[in-house]
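K.L.:
Pasting start21.tsv below, which is TSV, C-alpha atoms.
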```
chain	number	residue	atom	x	y	z
G	1	MET	CA	-6.43	-7.68	-23.40
G	2	VAL	CA	-5.55	-4.37	-21.82
G	3	ASP	CA	-2.06	-3.19	-22.71
G	4	LEU	CA	0.72	-3.16	-20.13
G	5	VAL	CA	1.24	0.60	-20.32
G	6	TRP	CA	-2.24	1.38	-18.96
G	7	PHE	CA	-1.55	-0.62	-15.82
G	8	GLN	CA	1.76	1.20	-15.46
G	9	LEU	CA	0.02	4.57	-15.80
G	10	LEU	CA	-2.58	3.54	-13.21
G	11	SER	CA	0.17	2.52	-10.83
G	12	ALA	CA	2.03	5.80	-11.45
G	13	ILE	CA	-1.09	7.85	-10.64
G	14	LEU	CA	-1.76	5.79	-7.50
G	15	PHE	CA	1.86	6.16	-6.37
G	16	VAL	CA	1.77	9.93	-6.87
G	17	ILE	CA	-1.46	10.27	-4.89
G	18	GLY	CA	0.14	8.32	-2.05
G	19	LEU	CA	3.26	10.50	-2.27
G	20	TYR	CA	1.12	13.63	-1.97
G	21	GLY	CA	-0.62	12.12	1.05
G	22	VAL	CA	2.68	11.38	2.79
G	23	MET	CA	3.92	14.92	2.20
G	24	ALA	CA	0.71	16.86	2.91
G	25	ARG	CA	-1.02	15.01	5.75
G	26	ARG	CA	-0.27	15.67	9.41
G	27	SER	CA	-2.00	12.82	11.20
G	28	ALA	CA	0.29	9.79	11.57
G	29	VAL	CA	-2.57	7.39	10.75
G	30	LEU	CA	-3.26	9.18	7.46
G	31	ILE	CA	0.43	9.00	6.56
G	32	ILE	CA	0.33	5.21	7.11
G	33	MET	CA	-2.70	4.98	4.81
G	34	SER	CA	-0.86	6.92	2.11
G	35	ILE	CA	2.12	4.56	2.42
G	36	GLU	CA	-0.30	1.67	1.86
G	37	LEU	CA	-1.46	3.35	-1.36
G	38	MET	CA	2.15	3.60	-2.57
G	39	LEU	CA	2.80	-0.08	-1.78
G	40	ASN	CA	-0.32	-1.03	-3.73
G	41	ALA	CA	0.86	0.99	-6.71
G	42	VAL	CA	4.12	-0.98	-6.72
G	43	ASN	CA	2.17	-4.25	-6.47
G	44	ILE	CA	0.00	-3.35	-9.48
G	45	ASN	CA	3.15	-2.63	-11.47
G	46	LEU	CA	4.79	-5.94	-10.52
G	47	ILE	CA	1.72	-8.07	-11.17
G	48	ALA	CA	0.98	-6.37	-14.50
G	49	ALA	CA	4.54	-7.04	-15.64
G	50	ALA	CA	4.30	-10.64	-14.40
G	51	SER	CA	1.14	-11.39	-16.33
G	52	HIS	CA	2.16	-9.63	-19.55
G	53	MET	CA	5.75	-10.83	-19.91
G	54	GLU	CA	7.31	-14.25	-20.11
G	55	GLY	CA	10.02	-15.22	-17.69
G	56	THR	CA	13.56	-15.40	-18.96
G	57	GLY	CA	16.56	-17.26	-17.58
G	58	LYS	CA	16.00	-18.55	-14.09
G	59	PHE	CA	12.89	-16.44	-13.54
G	60	SER	CA	9.56	-18.10	-14.09
G	61	ASP	CA	6.48	-16.46	-15.58
G	62	PHE	CA	5.00	-15.29	-12.31
G	63	ASP	CA	7.94	-14.26	-10.15
G	64	GLY	CA	6.48	-10.74	-10.06
G	65	GLN	CA	3.48	-12.15	-8.20
G	66	LEU	CA	5.77	-13.76	-5.62
G	67	ILE	CA	7.60	-10.46	-5.02
G	68	ALA	CA	4.17	-8.84	-4.57
G	69	ILE	CA	3.35	-11.46	-1.91
G	70	PHE	CA	6.51	-10.48	-0.02
G	71	ILE	CA	5.59	-6.79	-0.31
G	72	ILE	CA	2.17	-7.54	1.18
G	73	THR	CA	3.88	-9.43	4.03
G	74	VAL	CA	6.17	-6.50	4.80
G	75	ALA	CA	3.20	-4.10	4.59
G	76	ALA	CA	1.32	-6.15	7.19
G	77	ALA	CA	4.33	-6.13	9.53
G	78	GLU	CA	4.77	-2.41	8.98
G	79	VAL	CA	1.16	-1.59	9.84
G	80	GLY	CA	1.36	-3.64	13.04
G	81	LEU	CA	4.52	-1.87	14.17
G	82	ALA	CA	3.11	1.53	13.13
G	83	LEU	CA	0.02	0.94	15.27
G	84	ALA	CA	2.25	0.21	18.28
G	85	ILE	CA	4.36	3.31	17.68
G	86	ILE	CA	1.28	5.52	17.19
G	87	LEU	CA	-0.28	4.22	20.40
G	88	ARG	CA	2.93	4.87	22.34
G	89	MET	CA	3.17	8.34	20.78
G	90	PHE	CA	-0.40	9.09	21.76
G	91	LYS	CA	0.22	7.84	25.30
G	92	ASN	CA	3.31	10.01	25.80
G	93	ARG	CA	2.35	13.22	23.99
G	94	SER	CA	-1.46	12.76	23.62
G	95	THR	CA	-1.34	13.75	19.96
G	96	VAL	CA	-0.84	12.02	16.63
G	97	ASN	CA	0.14	15.21	14.82
G	98	VAL	CA	3.59	14.56	13.39
G	99	ASP	CA	4.40	18.30	13.37
G	100	GLU	CA	4.33	18.28	17.17
G	101	ILE	CA	6.61	15.24	17.48
G	102	ASN	CA	9.76	17.35	17.16
G	103	LEU	CA	11.87	16.27	20.13
G	104	MET	CA	14.72	15.06	17.91
G	105	LYS	CA	14.39	17.90	15.42
G	106	TRP	CA	17.50	20.04	15.31
J	107	MET	CA	-15.24	-6.07	-22.11
J	108	ALA	CA	-11.87	-6.24	-20.40
J	109	TRP	CA	-11.42	-2.57	-21.22
J	110	PHE	CA	-14.73	-1.61	-19.63
J	111	ILE	CA	-13.91	-3.53	-16.44
J	112	PHE	CA	-10.40	-2.09	-16.31
J	113	ILE	CA	-11.59	1.50	-16.77
J	114	SER	CA	-14.28	1.23	-14.11
J	115	LEU	CA	-11.90	-0.41	-11.63
J	116	ALA	CA	-9.20	2.19	-12.34
J	117	VAL	CA	-11.68	5.03	-11.76
J	118	LEU	CA	-12.76	3.39	-8.50
J	119	THR	CA	-9.14	2.94	-7.40
J	120	ILE	CA	-8.15	6.54	-8.12
J	121	ALA	CA	-11.34	7.93	-6.58
J	122	GLY	CA	-10.71	5.96	-3.39
J	123	ALA	CA	-7.08	7.09	-3.28
J	124	LEU	CA	-8.12	10.72	-3.72
J	125	GLY	CA	-10.64	10.21	-0.94
J	126	VAL	CA	-7.80	9.05	1.33
J	127	VAL	CA	-5.73	12.17	0.73
J	128	VAL	CA	-8.50	14.81	0.77
J	129	ALA	CA	-11.04	13.55	3.34
J	130	ARG	CA	-11.37	15.72	6.45
J	131	ASN	CA	-12.67	12.89	8.60
J	132	VAL	CA	-10.14	10.14	9.39
J	133	VAL	CA	-12.76	7.37	9.43
J	134	HIS	CA	-13.98	8.45	5.99
J	135	ALA	CA	-10.37	8.30	4.79
J	136	ALA	CA	-10.08	4.72	6.07
J	137	LEU	CA	-13.30	3.71	4.28
J	138	ALA	CA	-12.06	5.34	1.06
J	139	LEU	CA	-8.85	3.34	1.45
J	140	LEU	CA	-10.95	0.17	1.73
J	141	VAL	CA	-12.75	1.02	-1.55
J	142	SER	CA	-9.41	1.62	-3.25
J	143	LEU	CA	-7.88	-1.64	-1.98
J	144	ILE	CA	-10.86	-3.76	-3.04
J	145	ALA	CA	-10.75	-2.13	-6.49
J	146	VAL	CA	-7.04	-3.03	-6.68
J	147	ALA	CA	-8.06	-6.65	-5.98
J	148	GLY	CA	-10.33	-6.37	-9.01
J	149	ILE	CA	-7.39	-5.07	-11.06
J	150	TYR	CA	-5.48	-8.21	-10.04
J	151	LEU	CA	-8.38	-10.31	-11.34
J	152	VAL	CA	-8.21	-8.46	-14.68
J	153	LEU	CA	-4.52	-9.48	-14.72
J	154	PHE	CA	-5.43	-13.17	-14.10
J	155	ALA	CA	-3.72	-13.14	-10.67
J	156	GLU	CA	-6.43	-14.91	-8.66
J	157	PHE	CA	-4.20	-15.80	-5.74
J	158	LEU	CA	-3.05	-12.20	-5.31
J	159	ALA	CA	-6.66	-10.96	-5.49
J	160	LEU	CA	-7.55	-13.39	-2.70
J	161	VAL	CA	-4.56	-12.29	-0.60
J	162	GLN	CA	-5.39	-8.64	-1.24
J	163	VAL	CA	-8.98	-8.99	-0.02
J	164	LEU	CA	-7.97	-11.09	3.00
J	165	ILE	CA	-4.95	-9.12	4.22
J	166	TYR	CA	-5.63	-5.57	3.07
J	167	GLY	CA	-9.40	-5.54	3.14
J	168	GLY	CA	-9.59	-7.63	6.29
J	169	ALA	CA	-6.57	-7.23	8.50
J	170	ILE	CA	-4.92	-3.94	7.64
J	171	ILE	CA	-8.11	-1.85	7.51
J	172	ILE	CA	-9.17	-3.29	10.88
J	173	VAL	CA	-5.77	-2.46	12.39
J	174	LEU	CA	-5.96	1.08	11.01
J	175	MET	CA	-9.47	1.44	12.43
J	176	PHE	CA	-8.11	0.33	15.81
J	177	ALA	CA	-5.37	2.96	15.52
J	178	ILE	CA	-7.98	5.64	14.74
J	179	MET	CA	-10.35	4.63	17.52
J	180	LEU	CA	-7.64	4.30	20.18
J	181	THR	CA	-6.11	7.69	19.39
J	182	ARG	CA	-9.37	9.55	19.01
J	183	ASN	CA	-9.12	13.08	20.27
J	184	THR	CA	-10.77	16.38	19.53
J	185	ASP	CA	-8.13	17.88	17.27
J	186	TYR	CA	-8.48	15.39	14.41
J	187	PRO	CA	-10.38	17.80	12.11
J	188	LYS	CA	-7.81	20.56	12.31
J	189	ILE	CA	-4.69	18.43	11.91
J	190	SER	CA	-5.61	16.90	8.58
J	191	ASP	CA	-3.37	18.93	6.26
J	192	ASN	CA	-0.27	20.96	6.87
J	193	LYS	CA	0.70	24.33	5.49
J	194	GLN	CA	2.91	23.12	2.66
J	195	TRP	CA	0.21	21.15	0.85
J	196	PRO	CA	0.42	23.26	-2.36
J	197	LEU	CA	4.14	22.57	-2.49
J	198	ALA	CA	3.46	18.86	-1.87
J	199	ALA	CA	0.92	18.80	-4.70
J	200	LEU	CA	3.40	20.52	-7.00
J	201	ALA	CA	6.16	18.05	-6.13
J	202	ALA	CA	3.83	15.07	-6.61
J	203	LEU	CA	2.64	16.35	-10.00
J	204	ALA	CA	6.26	16.92	-11.07
J	205	PHE	CA	7.03	13.33	-10.10
J	206	LEU	CA	4.05	12.14	-12.15
J	207	GLY	CA	5.35	14.28	-15.02
J	208	VAL	CA	8.59	12.32	-14.93
J	209	LEU	CA	7.05	8.90	-14.29
J	210	ALA	CA	4.20	8.82	-16.82
J	211	PRO	CA	6.23	9.90	-19.91
J	212	SER	CA	8.96	7.43	-19.01
J	213	PHE	CA	6.39	4.62	-19.00
J	214	ILE	CA	4.93	5.82	-22.30
J	215	ILE	CA	8.28	6.34	-24.06
J	216	ASN	CA	9.78	3.04	-22.93
J	217	ARG	CA	6.65	1.18	-23.90
J	218	VAL	CA	7.08	-2.58	-23.63
J	219	GLU	CA	4.92	-4.82	-25.76
J	220	GLY	CA	3.43	-7.58	-23.69
J	221	THR	CA	3.94	-11.00	-25.18
J	222	LYS	CA	0.96	-12.82	-23.77
J	223	SER	CA	-1.34	-12.94	-20.83
J	224	HIS	CA	-1.06	-16.07	-18.80
J	225	ASN	CA	-2.62	-17.48	-15.72
J	226	ALA	CA	-0.39	-18.34	-12.78
J	227	SER	CA	-1.87	-21.43	-11.19
J	228	PHE	CA	-2.00	-21.90	-7.43
J	229	GLU	CA	0.19	-24.99	-7.82
J	230	GLY	CA	2.85	-23.06	-9.71
J	231	ILE	CA	2.93	-20.26	-7.15
J	232	GLY	CA	3.17	-22.72	-4.26
J	233	GLU	CA	5.90	-24.77	-5.88
J	234	SER	CA	7.94	-21.68	-6.76
J	235	LEU	CA	7.45	-20.24	-3.27
J	236	PHE	CA	8.85	-23.35	-1.59
J	237	THR	CA	11.70	-24.05	-4.01
J	238	THR	CA	13.16	-20.96	-5.72
J	239	TRP	CA	11.91	-18.49	-3.12
J	240	ALA	CA	12.30	-20.67	-0.03
J	241	VAL	CA	14.95	-18.51	1.66
J	242	PRO	CA	13.07	-15.19	1.20
J	243	PHE	CA	9.94	-16.98	2.43
J	244	GLU	CA	11.68	-18.01	5.67
J	245	ILE	CA	13.11	-14.52	6.10
J	246	ALA	CA	9.60	-13.07	5.63
J	247	SER	CA	8.31	-15.30	8.44
J	248	LEU	CA	11.17	-14.09	10.64
J	249	VAL	CA	10.32	-10.45	9.78
J	250	LEU	CA	6.70	-11.05	10.82
J	251	LEU	CA	7.79	-12.67	14.10
J	252	VAL	CA	10.17	-9.81	14.96
J	253	ALA	CA	7.53	-7.21	14.03
J	254	LEU	CA	4.97	-8.95	16.25
J	255	ILE	CA	7.33	-9.12	19.25
J	256	GLY	CA	8.46	-5.54	18.68
J	257	ALA	CA	4.88	-4.28	18.48
J	258	ILE	CA	4.01	-5.98	21.77
J	259	ILE	CA	7.11	-4.58	23.49
J	260	ILE	CA	6.55	-1.04	22.20
J	261	ALA	CA	2.82	-0.88	22.89
J	262	ARG	CA	2.62	-2.50	26.33
J	263	SER	CA	2.35	-0.34	29.39
J	264	ASP	CA	5.53	-0.51	31.47
J	265	GLU	CA	4.46	-0.98	35.08
J	266	GLU	CA	7.99	-1.03	36.45
J	267	GLU	CA	8.56	2.58	35.41
J	268	ASN	CA	5.33	3.95	36.83
```
Render the structure in this file as structure tokens.
P.N.:
Amino acid sequence: MVDLVWFQLLSAILFVIGLYGVMARRSAVLIIMSIELMLNAVNINLIAAASHMEGTGKFSDFDGQLIAIFIITVAAAEVGLALAIILRMFKNRSTVNVDEINLMKW
Amino acid sequence: MAWFIFISLAVLTIAGALGVVVARNVVHAALALLVSLIAVAGIYLVLFAEFLALVQVLIYGGAIIIVLMFAIMLTRNTDYPKISDNKQWPLAALAALAFLGVLAPSFIINRVEGTKSHNASFEGIGESLFTTWAVPFEIASLVLLVALIGAIIIARSDEEEN
């Protein structure tokens, strides 16, 4: 059995790669992909904890998996909305470069 | 054996994630994301979370990648190659590495010994989802409905204005 800390390190590395993508990329679609990487890192962490630890109190053994299901649900909703916003952005400004979307920048 | 599978899946996951953040071509980045997400489904199988692996392949590998591909194809223009990275990418890399430098030692120092590895059955997940987690489940369905309606309203072409 692989120890819990290795899954946590994997999720930390995946989260940091996603964080770099969010900060360094300029295309809105690539930023969405990096956010997906970060959400996956969180899911790995939750599921690893759920399968290595026993539930205490009113939490059962696999409540981490259920929280991960809700995260996946929110990620699906987020991607759908992001597609709509990116399409509208492209229709109005004909670019997906987030550096050029600076109308509300002070 | 579990170690070998874990190491190969972890390498695949990190390689795919690096492909997402360094690829010049947006379609290649989406395909690298697909590799990474499928490898994460394998990680879930190593953790005995079969239901989550199934959901990961269906929703991420199926739906989300297709939606992202639609976003790429519908916004295709000529300046994709030169808008991939911005000027402050060294600073972003530095900040990300600093964050990893905080996160990884904190995981290693506060090392928790796992008690056992257990298999969450489909029945257990379903029962828990409809009893303990019933209210969050209903709220999640409401979130999906609102996101769907909002996406349609944002993305449709408004004829009355033109």
K.L.:
Could you build a table of the residues in chain G lying no more than 6 Å from chain J, giving for each the nearest pair of atoms and their separation in Å rounded to one decimal place, using only C-alpha atoms, ordered by chain and ascending residue number, as a Markdown table?
P.N.:
```
| residue | atom | partner | partner_atom | distance |
| --- | --- | --- | --- | --- |
| G:Val16 | CA | J:Ala202 | CA | 5.5 |
| G:Tyr20 | CA | J:Ala202 | CA | 5.6 |
| G:Gly21 | CA | J:Val127 | CA | 5.1 |
| G:Met23 | CA | J:Ala198 | CA | 5.7 |
| G:Ala24 | CA | J:Trp195 | CA | 4.8 |
| G:Arg25 | CA | J:Asp191 | CA | 4.6 |
| G:Arg26 | CA | J:Asp191 | CA | 5.5 |
| G:Ser51 | CA | J:Ser223 | CA | 5.4 |
| G:His52 | CA | J:Gly220 | CA | 4.8 |
| G:Met53 | CA | J:Gly220 | CA | 5.5 |
| G:Ala77 | CA | J:Leu250 | CA | 5.6 |
| G:Leu81 | CA | J:Ala257 | CA | 5.0 |
| G:Leu83 | CA | J:Ala177 | CA | 5.8 |
| G:Ala84 | CA | J:Ala261 | CA | 4.8 |
| G:Arg88 | CA | J:Ala261 | CA | 5.8 |
```
K.L.:
Go ahead and compute the interatomic distance for CA of Ser11 in chain G and CA of Gly55 in chain G, in Å to one decimal.
P.N.:
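Going from CA of Ser11 in chain G over to CA of Gly55 in chain G, I get 21.4 Å.
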K.L.:
Interatomic distance between CA of Val79 in chain G and CA of Ile172 in chain J?
P.N.:
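Result for CA of Val79 in chain G versus CA of Ile172 in chain J: 10.5 Å, one decimal.
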K.L.:
Compile the contact shell of range 59-74 of chain G as a list in words: residues with an atom at most 6 Å away, counting all atoms listed in the file, same-chain residues fewer than 6 positions apart removed.
P.N.:
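Final neighbour list, sorted by chain and number: Asn43, Leu46, Ile47 and Ala50 of chain G.
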K.L.:
Between CA of Leu118 in chain J and CA of Val141 in chain J, what is the distance, to one decimal in Å?
P.N.:
7.3 Å
K.L.:
Need the axis-aligned box for range 237-244 of chain J with 3 Å each side, so what are the centre and edges in Å to one decimal, as lines of an AutoDock Vina configuration file?
P.N.:
```
center_x = 12.4
center_y = -19.6
center_z = 0.0
size_x = 11.0
size_y = 14.9
size_z = 17.4
```
